[in-house]
Every structure is written in structure tokens, then in C-alpha cells.
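Colleague: Next comes model_28.pdb, PDB, N, CA and C atoms, pLDDT in the B column:
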```pdb
MODEL        1
ATOM      1  N   MET A 661     -59.348 184.291 -85.410  1.00 48.00           N
ATOM      2  CA  MET A 661     -59.579 183.620 -86.673  1.00 48.00           C
ATOM      3  C   MET A 661     -59.268 182.130 -86.487  1.00 48.00           C
ATOM      4  N   SER A 662     -60.159 181.289 -86.921  1.00 53.00           N
ATOM      5  CA  SER A 662     -59.958 179.853 -86.786  1.00 53.00           C
ATOM      6  C   SER A 662     -58.970 179.362 -87.846  1.00 53.00           C
ATOM      7  N   GLU A 663     -58.460 178.141 -87.665  1.00 55.00           N
ATOM      8  CA  GLU A 663     -57.546 177.568 -88.652  1.00 55.00           C
ATOM      9  C   GLU A 663     -58.230 177.405 -90.004  1.00 55.00           C
ATOM     10  N   ARG A 664     -59.505 177.078 -89.973  1.00 53.00           N
ATOM     11  CA  ARG A 664     -60.256 176.909 -91.221  1.00 53.00           C
ATOM     12  C   ARG A 664     -60.355 178.232 -91.967  1.00 53.00           C
ATOM     13  N   ASP A 665     -60.661 179.326 -91.245  1.00 50.00           N
ATOM     14  CA  ASP A 665     -60.742 180.643 -91.882  1.00 50.00           C
ATOM     15  C   ASP A 665     -59.393 181.052 -92.459  1.00 50.00           C
ATOM     16  N   ALA A 666     -58.310 180.775 -91.719  1.00 51.00           N
ATOM     17  CA  ALA A 666     -56.970 181.126 -92.193  1.00 51.00           C
ATOM     18  C   ALA A 666     -56.629 180.348 -93.456  1.00 51.00           C
ATOM     19  N   ALA A 667     -56.997 179.079 -93.509  1.00 50.00           N
ATOM     20  CA  ALA A 667     -56.717 178.256 -94.684  1.00 50.00           C
ATOM     21  C   ALA A 667     -57.502 178.744 -95.894  1.00 50.00           C
ATOM     22  N   GLU A 668     -58.723 179.208 -95.688  1.00 54.00           N
ATOM     23  CA  GLU A 668     -59.546 179.685 -96.799  1.00 54.00           C
ATOM     24  C   GLU A 668     -59.051 181.002 -97.361  1.00 54.00           C
ATOM     25  N   THR A 669     -58.413 181.840 -96.528  1.00 69.00           N
ATOM     26  CA  THR A 669     -57.933 183.135 -96.993  1.00 69.00           C
ATOM     27  C   THR A 669     -56.463 183.095 -97.408  1.00 69.00           C
ATOM     28  N   GLU A 670     -55.787 181.966 -97.198  1.00 81.00           N
ATOM     29  CA  GLU A 670     -54.378 181.846 -97.557  1.00 81.00           C
ATOM     30  C   GLU A 670     -54.211 181.883 -99.076  1.00 81.00           C
ATOM     31  N   VAL A 671     -53.276 182.690 -99.515  1.00 86.00           N
ATOM     32  CA  VAL A 671     -53.006 182.821-100.946  1.00 86.00           C
ATOM     33  C   VAL A 671     -52.007 181.746-101.345  1.00 86.00           C
ATOM     34  N   THR A 672     -52.273 181.072-102.444  1.00 92.00           N
ATOM     35  CA  THR A 672     -51.343 180.071-102.929  1.00 92.00           C
ATOM     36  C   THR A 672     -50.527 180.645-104.084  1.00 92.00           C
ATOM     37  N   HIS A 673     -49.359 180.089-104.277  1.00 95.00           N
ATOM     38  CA  HIS A 673     -48.470 180.542-105.346  1.00 95.00           C
ATOM     39  C   HIS A 673     -48.037 179.349-106.186  1.00 95.00           C
ATOM     40  N   GLY A 674     -48.038 179.535-107.463  1.00 95.00           N
ATOM     41  CA  GLY A 674     -47.628 178.509-108.411  1.00 95.00           C
ATOM     42  C   GLY A 674     -47.919 179.011-109.813  1.00 95.00           C
ATOM     43  N   ILE A 675     -47.552 178.240-110.791  1.00 95.00           N
ATOM     44  CA  ILE A 675     -47.743 178.676-112.173  1.00 95.00           C
ATOM     45  C   ILE A 675     -49.199 178.507-112.591  1.00 95.00           C
ATOM     46  N   GLN A 676     -49.833 179.613-112.873  1.00 97.00           N
ATOM     47  CA  GLN A 676     -51.203 179.636-113.402  1.00 97.00           C
ATOM     48  C   GLN A 676     -51.161 179.449-114.914  1.00 97.00           C
ATOM     49  N   GLY A 677     -50.175 180.100-115.542  1.00 97.00           N
ATOM     50  CA  GLY A 677     -50.051 179.996-116.985  1.00 97.00           C
ATOM     51  C   GLY A 677     -48.716 180.529-117.463  1.00 97.00           C
ATOM     52  N   ALA A 678     -48.288 180.036-118.602  1.00 97.00           N
ATOM     53  CA  ALA A 678     -47.073 180.509-119.265  1.00 97.00           C
ATOM     54  C   ALA A 678     -47.406 180.566-120.753  1.00 97.00           C
ATOM     55  N   TYR A 679     -47.243 181.738-121.346  1.00 96.00           N
ATOM     56  CA  TYR A 679     -47.693 181.922-122.717  1.00 96.00           C
ATOM     57  C   TYR A 679     -46.941 183.067-123.380  1.00 96.00           C
ATOM     58  N   TYR A 680     -47.136 183.218-124.662  1.00 95.00           N
ATOM     59  CA  TYR A 680     -46.582 184.344-125.395  1.00 95.00           C
ATOM     60  C   TYR A 680     -47.623 185.449-125.445  1.00 95.00           C
ATOM     61  N   SER A 681     -47.189 186.679-125.162  1.00 94.00           N
ATOM     62  CA  SER A 681     -48.090 187.820-125.169  1.00 94.00           C
ATOM     63  C   SER A 681     -47.660 188.795-126.260  1.00 94.00           C
ATOM     64  N   GLY A 682     -48.619 189.365-126.909  1.00 91.00           N
ATOM     65  CA  GLY A 682     -48.352 190.353-127.947  1.00 91.00           C
ATOM     66  C   GLY A 682     -49.626 190.636-128.703  1.00 91.00           C
ATOM     67  N   GLY A 683     -49.478 191.191-129.848  1.00 83.00           N
ATOM     68  CA  GLY A 683     -50.640 191.484-130.665  1.00 83.00           C
ATOM     69  C   GLY A 683     -50.527 192.840-131.313  1.00 83.00           C
ATOM     70  N   PRO A 684     -51.644 193.423-131.718  1.00 84.00           N
ATOM     71  CA  PRO A 684     -51.617 194.722-132.381  1.00 84.00           C
ATOM     72  C   PRO A 684     -50.895 195.774-131.527  1.00 84.00           C
ATOM     73  N   GLY A 685     -49.962 196.452-132.144  1.00 83.00           N
ATOM     74  CA  GLY A 685     -49.202 197.487-131.445  1.00 83.00           C
ATOM     75  C   GLY A 685     -47.980 196.957-130.719  1.00 83.00           C
ATOM     76  N   GLU A 686     -47.834 195.641-130.607  1.00 76.00           N
ATOM     77  CA  GLU A 686     -46.679 195.032-129.958  1.00 76.00           C
ATOM     78  C   GLU A 686     -45.783 194.464-131.060  1.00 76.00           C
ATOM     79  N   PRO A 687     -44.470 194.711-130.993  1.00 77.00           N
ATOM     80  CA  PRO A 687     -43.615 194.271-132.092  1.00 77.00           C
ATOM     81  C   PRO A 687     -43.483 192.751-132.233  1.00 77.00           C
ATOM     82  N   TYR A 688     -43.487 192.005-131.129  1.00 87.00           N
ATOM     83  CA  TYR A 688     -43.300 190.559-131.186  1.00 87.00           C
ATOM     84  C   TYR A 688     -44.074 189.909-130.050  1.00 87.00           C
ATOM     85  N   TYR A 689     -44.381 188.633-130.205  1.00 93.00           N
ATOM     86  CA  TYR A 689     -44.949 187.862-129.100  1.00 93.00           C
ATOM     87  C   TYR A 689     -43.795 187.476-128.172  1.00 93.00           C
ATOM     88  N   ARG A 690     -43.983 187.716-126.875  1.00 95.00           N
ATOM     89  CA  ARG A 690     -42.910 187.476-125.916  1.00 95.00           C
ATOM     90  C   ARG A 690     -43.422 186.695-124.710  1.00 95.00           C
ATOM     91  N   PRO A 691     -42.524 185.940-124.059  1.00 96.00           N
ATOM     92  CA  PRO A 691     -42.914 185.096-122.926  1.00 96.00           C
ATOM     93  C   PRO A 691     -43.419 185.885-121.714  1.00 96.00           C
ATOM     94  N   VAL A 692     -44.489 185.354-121.120  1.00 97.00           N
ATOM     95  CA  VAL A 692     -45.082 185.904-119.901  1.00 97.00           C
ATOM     96  C   VAL A 692     -45.475 184.727-119.012  1.00 97.00           C
ATOM     97  N   MET A 693     -45.323 184.890-117.701  1.00 98.00           N
ATOM     98  CA  MET A 693     -45.747 183.858-116.755  1.00 98.00           C
ATOM     99  C   MET A 693     -46.700 184.472-115.738  1.00 98.00           C
ATOM    100  N   GLU A 694     -47.742 183.725-115.367  1.00 98.00           N
ATOM    101  CA  GLU A 694     -48.722 184.171-114.380  1.00 98.00           C
ATOM    102  C   GLU A 694     -48.669 183.267-113.161  1.00 98.00           C
ATOM    103  N   CYS A 695     -48.826 183.874-111.981  1.00 97.00           N
ATOM    104  CA  CYS A 695     -48.887 183.140-110.717  1.00 97.00           C
ATOM    105  C   CYS A 695     -50.350 182.980-110.307  1.00 97.00           C
ATOM    106  N   THR A 696     -50.640 181.953-109.536  1.00 96.00           N
ATOM    107  CA  THR A 696     -52.009 181.736-109.068  1.00 96.00           C
ATOM    108  C   THR A 696     -52.489 182.848-108.144  1.00 96.00           C
ATOM    109  N   CYS A 697     -51.570 183.672-107.621  1.00 96.00           N
ATOM    110  CA  CYS A 697     -51.956 184.780-106.750  1.00 96.00           C
ATOM    111  C   CYS A 697     -52.355 186.025-107.538  1.00 96.00           C
ATOM    112  N   GLY A 698     -52.098 186.021-108.864  1.00 96.00           N
ATOM    113  CA  GLY A 698     -52.432 187.180-109.686  1.00 96.00           C
ATOM    114  C   GLY A 698     -51.219 187.915-110.222  1.00 96.00           C
ATOM    115  N   PHE A 699     -50.034 187.627-109.706  1.00 97.00           N
ATOM    116  CA  PHE A 699     -48.806 188.251-110.203  1.00 97.00           C
ATOM    117  C   PHE A 699     -48.558 187.820-111.644  1.00 97.00           C
ATOM    118  N   THR A 700     -48.108 188.754-112.481  1.00 97.00           N
ATOM    119  CA  THR A 700     -47.761 188.457-113.869  1.00 97.00           C
ATOM    120  C   THR A 700     -46.424 189.109-114.182  1.00 97.00           C
ATOM    121  N   THR A 701     -45.537 188.362-114.841  1.00 97.00           N
ATOM    122  CA  THR A 701     -44.263 188.944-115.243  1.00 97.00           C
ATOM    123  C   THR A 701     -44.493 189.914-116.396  1.00 97.00           C
ATOM    124  N   VAL A 702     -43.494 190.733-116.662  1.00 95.00           N
ATOM    125  CA  VAL A 702     -43.544 191.589-117.839  1.00 95.00           C
ATOM    126  C   VAL A 702     -43.218 190.739-119.057  1.00 95.00           C
ATOM    127  N   ARG A 703     -43.407 191.287-120.248  1.00 94.00           N
ATOM    128  CA  ARG A 703     -43.042 190.573-121.469  1.00 94.00           C
ATOM    129  C   ARG A 703     -41.524 190.569-121.593  1.00 94.00           C
ATOM    130  N   HIS A 704     -40.933 189.376-121.552  1.00 95.00           N
ATOM    131  CA  HIS A 704     -39.472 189.244-121.636  1.00 95.00           C
ATOM    132  C   HIS A 704     -39.050 188.801-123.029  1.00 95.00           C
ATOM    133  N   THR A 705     -37.759 188.926-123.312  1.00 92.00           N
ATOM    134  CA  THR A 705     -37.241 188.512-124.615  1.00 92.00           C
ATOM    135  C   THR A 705     -37.074 187.003-124.706  1.00 92.00           C
ATOM    136  N   ASP A 706     -36.985 186.301-123.550  1.00 95.00           N
ATOM    137  CA  ASP A 706     -36.850 184.848-123.574  1.00 95.00           C
ATOM    138  C   ASP A 706     -37.440 184.252-122.298  1.00 95.00           C
ATOM    139  N   TRP A 707     -37.626 182.919-122.321  1.00 97.00           N
ATOM    140  CA  TRP A 707     -38.229 182.226-121.185  1.00 97.00           C
ATOM    141  C   TRP A 707     -37.329 182.242-119.955  1.00 97.00           C
ATOM    142  N   GLU A 708     -36.013 182.288-120.157  1.00 98.00           N
ATOM    143  CA  GLU A 708     -35.093 182.309-119.023  1.00 98.00           C
ATOM    144  C   GLU A 708     -35.351 183.520-118.132  1.00 98.00           C
ATOM    145  N   HIS A 709     -35.481 184.693-118.728  1.00 98.00           N
ATOM    146  CA  HIS A 709     -35.694 185.905-117.943  1.00 98.00           C
ATOM    147  C   HIS A 709     -37.095 185.956-117.333  1.00 98.00           C
ATOM    148  N   ALA A 710     -38.088 185.446-118.044  1.00 98.00           N
ATOM    149  CA  ALA A 710     -39.432 185.372-117.464  1.00 98.00           C
ATOM    150  C   ALA A 710     -39.407 184.457-116.235  1.00 98.00           C
ATOM    151  N   GLY A 711     -38.717 183.329-116.345  1.00 97.00           N
ATOM    152  CA  GLY A 711     -38.600 182.397-115.223  1.00 97.00           C
ATOM    153  C   GLY A 711     -37.844 183.000-114.044  1.00 97.00           C
ATOM    154  N   GLN A 712     -36.814 183.769-114.317  1.00 98.00           N
ATOM    155  CA  GLN A 712     -36.066 184.426-113.247  1.00 98.00           C
ATOM    156  C   GLN A 712     -36.942 185.421-112.495  1.00 98.00           C
ATOM    157  N   GLU A 713     -37.744 186.187-113.225  1.00 98.00           N
ATOM    158  CA  GLU A 713     -38.639 187.139-112.564  1.00 98.00           C
ATOM    159  C   GLU A 713     -39.684 186.395-111.726  1.00 98.00           C
ATOM    160  N   PHE A 714     -40.196 185.289-112.254  1.00 97.00           N
ATOM    161  CA  PHE A 714     -41.169 184.486-111.522  1.00 97.00           C
ATOM    162  C   PHE A 714     -40.533 183.902-110.258  1.00 97.00           C
ATOM    163  N   ASP A 715     -39.303 183.397-110.366  1.00 97.00           N
ATOM    164  CA  ASP A 715     -38.584 182.859-109.204  1.00 97.00           C
ATOM    165  C   ASP A 715     -38.368 183.941-108.144  1.00 97.00           C
ATOM    166  N   THR A 716     -38.033 185.141-108.572  1.00 97.00           N
ATOM    167  CA  THR A 716     -37.846 186.255-107.635  1.00 97.00           C
ATOM    168  C   THR A 716     -39.148 186.547-106.903  1.00 97.00           C
ATOM    169  N   HIS A 717     -40.254 186.520-107.609  1.00 97.00           N
ATOM    170  CA  HIS A 717     -41.569 186.720-106.977  1.00 97.00           C
ATOM    171  C   HIS A 717     -41.801 185.664-105.897  1.00 97.00           C
ATOM    172  N   LEU A 718     -41.527 184.398-106.235  1.00 96.00           N
ATOM    173  CA  LEU A 718     -41.742 183.330-105.255  1.00 96.00           C
ATOM    174  C   LEU A 718     -40.858 183.494-104.029  1.00 96.00           C
ATOM    175  N   LEU A 719     -39.607 183.915-104.220  1.00 96.00           N
ATOM    176  CA  LEU A 719     -38.720 184.155-103.084  1.00 96.00           C
ATOM    177  C   LEU A 719     -39.224 185.301-102.222  1.00 96.00           C
ATOM    178  N   GLU A 720     -39.716 186.355-102.834  1.00 95.00           N
ATOM    179  CA  GLU A 720     -40.218 187.511-102.069  1.00 95.00           C
ATOM    180  C   GLU A 720     -41.434 187.153-101.226  1.00 95.00           C
ATOM    181  N   VAL A 721     -42.344 186.351-101.751  1.00 93.00           N
ATOM    182  CA  VAL A 721     -43.538 186.018-100.982  1.00 93.00           C
ATOM    183  C   VAL A 721     -43.222 185.020 -99.875  1.00 93.00           C
ATOM    184  N   ARG A 722     -42.183 184.214-100.015  1.00 89.00           N
ATOM    185  CA  ARG A 722     -41.796 183.279 -98.953  1.00 89.00           C
ATOM    186  C   ARG A 722     -41.107 183.995 -97.802  1.00 89.00           C
ATOM    187  N   ILE A 723     -40.449 185.113 -98.094  1.00 75.00           N
ATOM    188  CA  ILE A 723     -39.764 185.880 -97.056  1.00 75.00           C
ATOM    189  C   ILE A 723     -40.756 186.574 -96.141  1.00 75.00           C
ATOM    190  N   ARG A 724     -41.891 186.993 -96.661  1.00 68.00           N
ATOM    191  CA  ARG A 724     -42.886 187.728 -95.867  1.00 68.00           C
ATOM    192  C   ARG A 724     -43.476 186.893 -94.780  1.00 68.00           C
TER     193      ARG A 724
ENDMDL
END
```
Show the structure stored in the file as C-alpha cells.

Modeller:
Amino acid sequence: MSERDAAETEVTHGIQGAYYSGGPGEPYYRPVMECTCGFTTVRHTDWEHAGQEFDTHLLEVRIR
């Protein structure tokens, strides 16, 4: 595989979006964060915990 091919298939990580999720059937709108790789946190009670889960994701992908 050439360096160019490796660069094109390399997955990037970063904040794709941060928003409140909820709606019909959900009791409250709650914080969610999305990564550019497709990872999404669960609905948390506050932004601190959503950020902690996102940080854990980033640490796990850097270890691999």
C-alpha cells in the first residue's frame, strides 16, 4: 500500500457535532457528542459526562 493510499483510508477523529438528543418517547433532551469516525456517545445527563466518554474514545483509538 502506498503512502497516498494509507492517507486516504486513515480514519480521523474529532468533534463532528455536539447537540441535545431526545424527542417523542424520550423524557428529556440530553447531551450527545459525535466523532468524525462515526462514534457517538450515549445520551448523558450533562455535558461533563458526555465529554468524558468522548475523551475515553479518543484515548482508546490512540492506543491502537

Colleague: Got a sec to resolve the PyMOL selection byres (((chain A and resi 705-709 and name CA) around 6) and name CA) on this structure and send the residues as a list of chain:residue names?

Modeller: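 Going through the file, the PyMOL selection byres (((chain A and resi 705-709 and name CA) around 6) and name CA) ends up selecting A:Arg690, A:Pro691, A:His704, A:Ala710, A:Gly711, A:Gln712.
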
Colleague: Running the PyMOL selection byres ((chain A and resi 697) around 7) on this model by hand, what would come out? Give it as a PyMOL selection string.

Modeller: chain A and resi 671-674+676+694-696+698-699

Colleague: List every residue of chain A that DSSP, applied to the backbone of this structure, places in strand (DSSP E), and write the result as a compact mmCIF listing (two decimals) with N, CA and C atoms, in the coordinates of the input.

Modeller:
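part.txt written:
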```txt
# COMPACT_ATOMS: atom_id res chain seq x y z
N ILE A 675 -47.55 178.24 -110.79
CA ILE A 675 -47.74 178.68 -112.17
C ILE A 675 -49.20 178.51 -112.59
N GLN A 676 -49.83 179.61 -112.87
CA GLN A 676 -51.20 179.64 -113.40
C GLN A 676 -51.16 179.45 -114.91
N GLY A 677 -50.18 180.10 -115.54
CA GLY A 677 -50.05 180.00 -116.98
C GLY A 677 -48.72 180.53 -117.46
N ALA A 678 -48.29 180.04 -118.60
CA ALA A 678 -47.07 180.51 -119.26
C ALA A 678 -47.41 180.57 -120.75
N TYR A 679 -47.24 181.74 -121.35
CA TYR A 679 -47.69 181.92 -122.72
C TYR A 679 -46.94 183.07 -123.38
N TYR A 680 -47.14 183.22 -124.66
CA TYR A 680 -46.58 184.34 -125.40
C TYR A 680 -47.62 185.45 -125.44
N SER A 681 -47.19 186.68 -125.16
CA SER A 681 -48.09 187.82 -125.17
C SER A 681 -47.66 188.80 -126.26
N ARG A 690 -43.98 187.72 -126.88
CA ARG A 690 -42.91 187.48 -125.92
C ARG A 690 -43.42 186.70 -124.71
N PRO A 691 -42.52 185.94 -124.06
CA PRO A 691 -42.91 185.10 -122.93
C PRO A 691 -43.42 185.88 -121.71
N VAL A 692 -44.49 185.35 -121.12
CA VAL A 692 -45.08 185.90 -119.90
C VAL A 692 -45.48 184.73 -119.01
N MET A 693 -45.32 184.89 -117.70
CA MET A 693 -45.75 183.86 -116.76
C MET A 693 -46.70 184.47 -115.74
N GLU A 694 -47.74 183.72 -115.37
CA GLU A 694 -48.72 184.17 -114.38
C GLU A 694 -48.67 183.27 -113.16
N CYS A 695 -48.83 183.87 -111.98
CA CYS A 695 -48.89 183.14 -110.72
C CYS A 695 -50.35 182.98 -110.31
```

Colleague: Using the chain letters and numbers from this document, which residues of range 661-722 of chain A does DSSP assign to helix (DSSP H, G or I), as a JSON list (two decimals) with N, CA and C atoms, in the coordinates of the input?

Modeller:
```json
[["chain", "number", "residue", "atom", "x", "y", "z"],
["A", 663, "GLU", "N", -58.46, 178.14, -87.66],
["A", 663, "GLU", "CA", -57.55, 177.57, -88.65],
["A", 663, "GLU", "C", -58.23, 177.40, -90.00],
["A", 664, "ARG", "N", -59.50, 177.08, -89.97],
["A", 664, "ARG", "CA", -60.26, 176.91, -91.22],
["A", 664, "ARG", "C", -60.36, 178.23, -91.97],
["A", 665, "ASP", "N", -60.66, 179.33, -91.24],
["A", 665, "ASP", "CA", -60.74, 180.64, -91.88],
["A", 665, "ASP", "C", -59.39, 181.05, -92.46],
["A", 666, "ALA", "N", -58.31, 180.78, -91.72],
["A", 666, "ALA", "CA", -56.97, 181.13, -92.19],
["A", 666, "ALA", "C", -56.63, 180.35, -93.46],
["A", 667, "ALA", "N", -57.00, 179.08, -93.51],
["A", 667, "ALA", "CA", -56.72, 178.26, -94.68],
["A", 667, "ALA", "C", -57.50, 178.74, -95.89],
["A", 668, "GLU", "N", -58.72, 179.21, -95.69],
["A", 668, "GLU", "CA", -59.55, 179.68, -96.80],
["A", 668, "GLU", "C", -59.05, 181.00, -97.36],
["A", 669, "THR", "N", -58.41, 181.84, -96.53],
["A", 669, "THR", "CA", -57.93, 183.14, -96.99],
["A", 669, "THR", "C", -56.46, 183.10, -97.41],
["A", 707, "TRP", "N", -37.63, 182.92, -122.32],
["A", 707, "TRP", "CA", -38.23, 182.23, -121.18],
["A", 707, "TRP", "C", -37.33, 182.24, -119.96],
["A", 708, "GLU", "N", -36.01, 182.29, -120.16],
["A", 708, "GLU", "CA", -35.09, 182.31, -119.02],
["A", 708, "GLU", "C", -35.35, 183.52, -118.13],
["A", 709, "HIS", "N", -35.48, 184.69, -118.73],
["A", 709, "HIS", "CA", -35.69, 185.90, -117.94],
["A", 709, "HIS", "C", -37.10, 185.96, -117.33],
["A", 710, "ALA", "N", -38.09, 185.45, -118.04],
["A", 710, "ALA", "CA", -39.43, 185.37, -117.46],
["A", 710, "ALA", "C", -39.41, 184.46, -116.24],
["A", 711, "GLY", "N", -38.72, 183.33, -116.34],
["A", 711, "GLY", "CA", -38.60, 182.40, -115.22],
["A", 711, "GLY", "C", -37.84, 183.00, -114.04],
["A", 712, "GLN", "N", -36.81, 183.77, -114.32],
["A", 712, "GLN", "CA", -36.07, 184.43, -113.25],
["A", 712, "GLN", "C", -36.94, 185.42, -112.50],
["A", 713, "GLU", "N", -37.74, 186.19, -113.22],
["A", 713, "GLU", "CA", -38.64, 187.14, -112.56],
["A", 713, "GLU", "C", -39.68, 186.40, -111.73],
["A", 714, "PHE", "N", -40.20, 185.29, -112.25],
["A", 714, "PHE", "CA", -41.17, 184.49, -111.52],
["A", 714, "PHE", "C", -40.53, 183.90, -110.26],
["A", 715, "ASP", "N", -39.30, 183.40, -110.37],
["A", 715, "ASP", "CA", -38.58, 182.86, -109.20],
["A", 715, "ASP", "C", -38.37, 183.94, -108.14],
["A", 716, "THR", "N", -38.03, 185.14, -108.57],
["A", 716, "THR", "CA", -37.85, 186.26, -107.64],
["A", 716, "THR", "C", -39.15, 186.55, -106.90],
["A", 717, "HIS", "N", -40.25, 186.52, -107.61],
["A", 717, "HIS", "CA", -41.57, 186.72, -106.98],
["A", 717, "HIS", "C", -41.80, 185.66, -105.90],
["A", 718, "LEU", "N", -41.53, 184.40, -106.24],
["A", 718, "LEU", "CA", -41.74, 183.33, -105.26],
["A", 718, "LEU", "C", -40.86, 183.49, -104.03],
["A", 719, "LEU", "N", -39.61, 183.92, -104.22],
["A", 719, "LEU", "CA", -38.72, 184.16, -103.08],
["A", 719, "LEU", "C", -39.22, 185.30, -102.22],
["A", 720, "GLU", "N", -39.72, 186.36, -102.83],
["A", 720, "GLU", "CA", -40.22, 187.51, -102.07],
["A", 720, "GLU", "C", -41.43, 187.15, -101.23],
["A", 721, "VAL", "N", -42.34, 186.35, -101.75],
["A", 721, "VAL", "CA", -43.54, 186.02, -100.98],
["A", 721, "VAL", "C", -43.22, 185.02, -99.88],
["A", 722, "ARG", "N", -42.18, 184.21, -100.02],
["A", 722, "ARG", "CA", -41.80, 183.28, -98.95],
["A", 722, "ARG", "C", -41.11, 184.00, -97.80]]
```

Colleague: What separation in Å, quoted to one decimal, exists between CA of Thr700 in chain A and atom N of Asp715 in chain A?

Modeller: 10.5 Å

Colleague: Work out how far CA of Thr701 in chain A is from CA of Leu719 in chain A, in Å to one decimal.

Modeller: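 So the answer is 14.2 Å.
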
Colleague: Quick one: chain A from the block, C-alpha atoms, as a short mmCIF file (atom, residue, chain, number, x, y, z; two decimals), in the first residue's frame.

Modeller:
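Written output follows (out10.cif):
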```cif
data_model
loop_
_atom_site.label_atom_id
_atom_site.label_comp_id
_atom_site.auth_asym_id
_atom_site.auth_seq_id
_atom_site.Cartn_x
_atom_site.Cartn_y
_atom_site.Cartn_z
CA MET A 661 0.00 0.00 0.00
CA SER A 662 1.42 3.38 -0.95
CA GLU A 663 1.57 6.33 1.45
CA ARG A 664 -1.15 8.03 -0.56
CA ASP A 665 -3.48 5.02 -0.23
CA ALA A 666 -2.79 4.84 3.51
CA ALA A 667 -3.57 8.54 3.93
CA GLU A 668 -6.86 8.17 2.03
CA THR A 669 -8.02 5.25 4.19
CA GLU A 670 -6.84 6.75 7.50
CA VAL A 671 -9.71 7.49 9.86
CA THR A 672 -9.68 10.89 11.50
CA HIS A 673 -11.05 11.67 14.94
CA GLY A 674 -12.50 14.91 16.21
CA ILE A 675 -15.79 16.50 17.12
CA GLN A 676 -18.32 16.13 14.31
CA GLY A 677 -21.15 17.50 16.40
CA ALA A 678 -22.38 18.18 19.91
CA TYR A 679 -26.11 18.51 20.46
CA TYR A 680 -29.08 17.64 22.62
CA SER A 681 -30.86 14.41 21.71
CA GLY A 682 -34.40 13.45 22.60
CA GLY A 683 -37.89 13.64 21.33
CA PRO A 684 -41.05 11.54 21.39
CA GLY A 685 -40.71 8.72 23.90
CA GLU A 686 -37.61 10.28 25.50
CA PRO A 687 -38.14 12.02 28.84
CA TYR A 688 -35.67 14.90 28.29
CA TYR A 689 -33.24 16.28 25.73
CA ARG A 690 -29.75 15.20 26.77
CA PRO A 691 -26.19 15.93 25.59
CA VAL A 692 -24.65 13.75 22.87
CA MET A 693 -21.30 14.09 21.07
CA GLU A 694 -20.34 12.63 17.67
CA CYS A 695 -16.85 11.85 16.39
CA THR A 696 -15.81 12.24 12.75
CA CYS A 697 -15.15 8.47 12.70
CA GLY A 698 -18.82 7.69 13.42
CA PHE A 699 -18.60 7.08 17.18
CA THR A 700 -21.47 8.62 19.16
CA THR A 701 -21.77 8.92 22.93
CA VAL A 702 -24.89 7.80 24.73
CA ARG A 703 -27.37 10.39 25.99
CA HIS A 704 -25.83 11.75 29.21
CA THR A 705 -27.35 13.83 31.99
CA ASP A 706 -24.76 16.61 31.48
CA TRP A 707 -22.02 17.79 29.11
CA GLU A 708 -19.26 16.80 31.54
CA HIS A 709 -20.09 13.09 31.28
CA ALA A 710 -20.61 13.25 27.51
CA GLY A 711 -17.16 14.87 27.22
CA GLN A 712 -15.59 12.22 29.45
CA GLU A 713 -16.98 9.43 27.28
CA PHE A 714 -15.73 11.23 24.16
CA ASP A 715 -12.26 11.67 25.74
CA THR A 716 -12.18 7.95 26.59
CA HIS A 717 -12.97 7.14 22.96
CA LEU A 718 -10.10 9.34 21.78
CA LEU A 719 -7.68 7.68 24.22
CA GLU A 720 -8.74 4.20 23.09
CA VAL A 721 -8.20 4.93 19.40
CA ARG A 722 -4.76 6.46 20.07
CA ILE A 723 -3.65 3.34 21.93
CA ARG A 724 -4.41 1.06 18.96
#
```
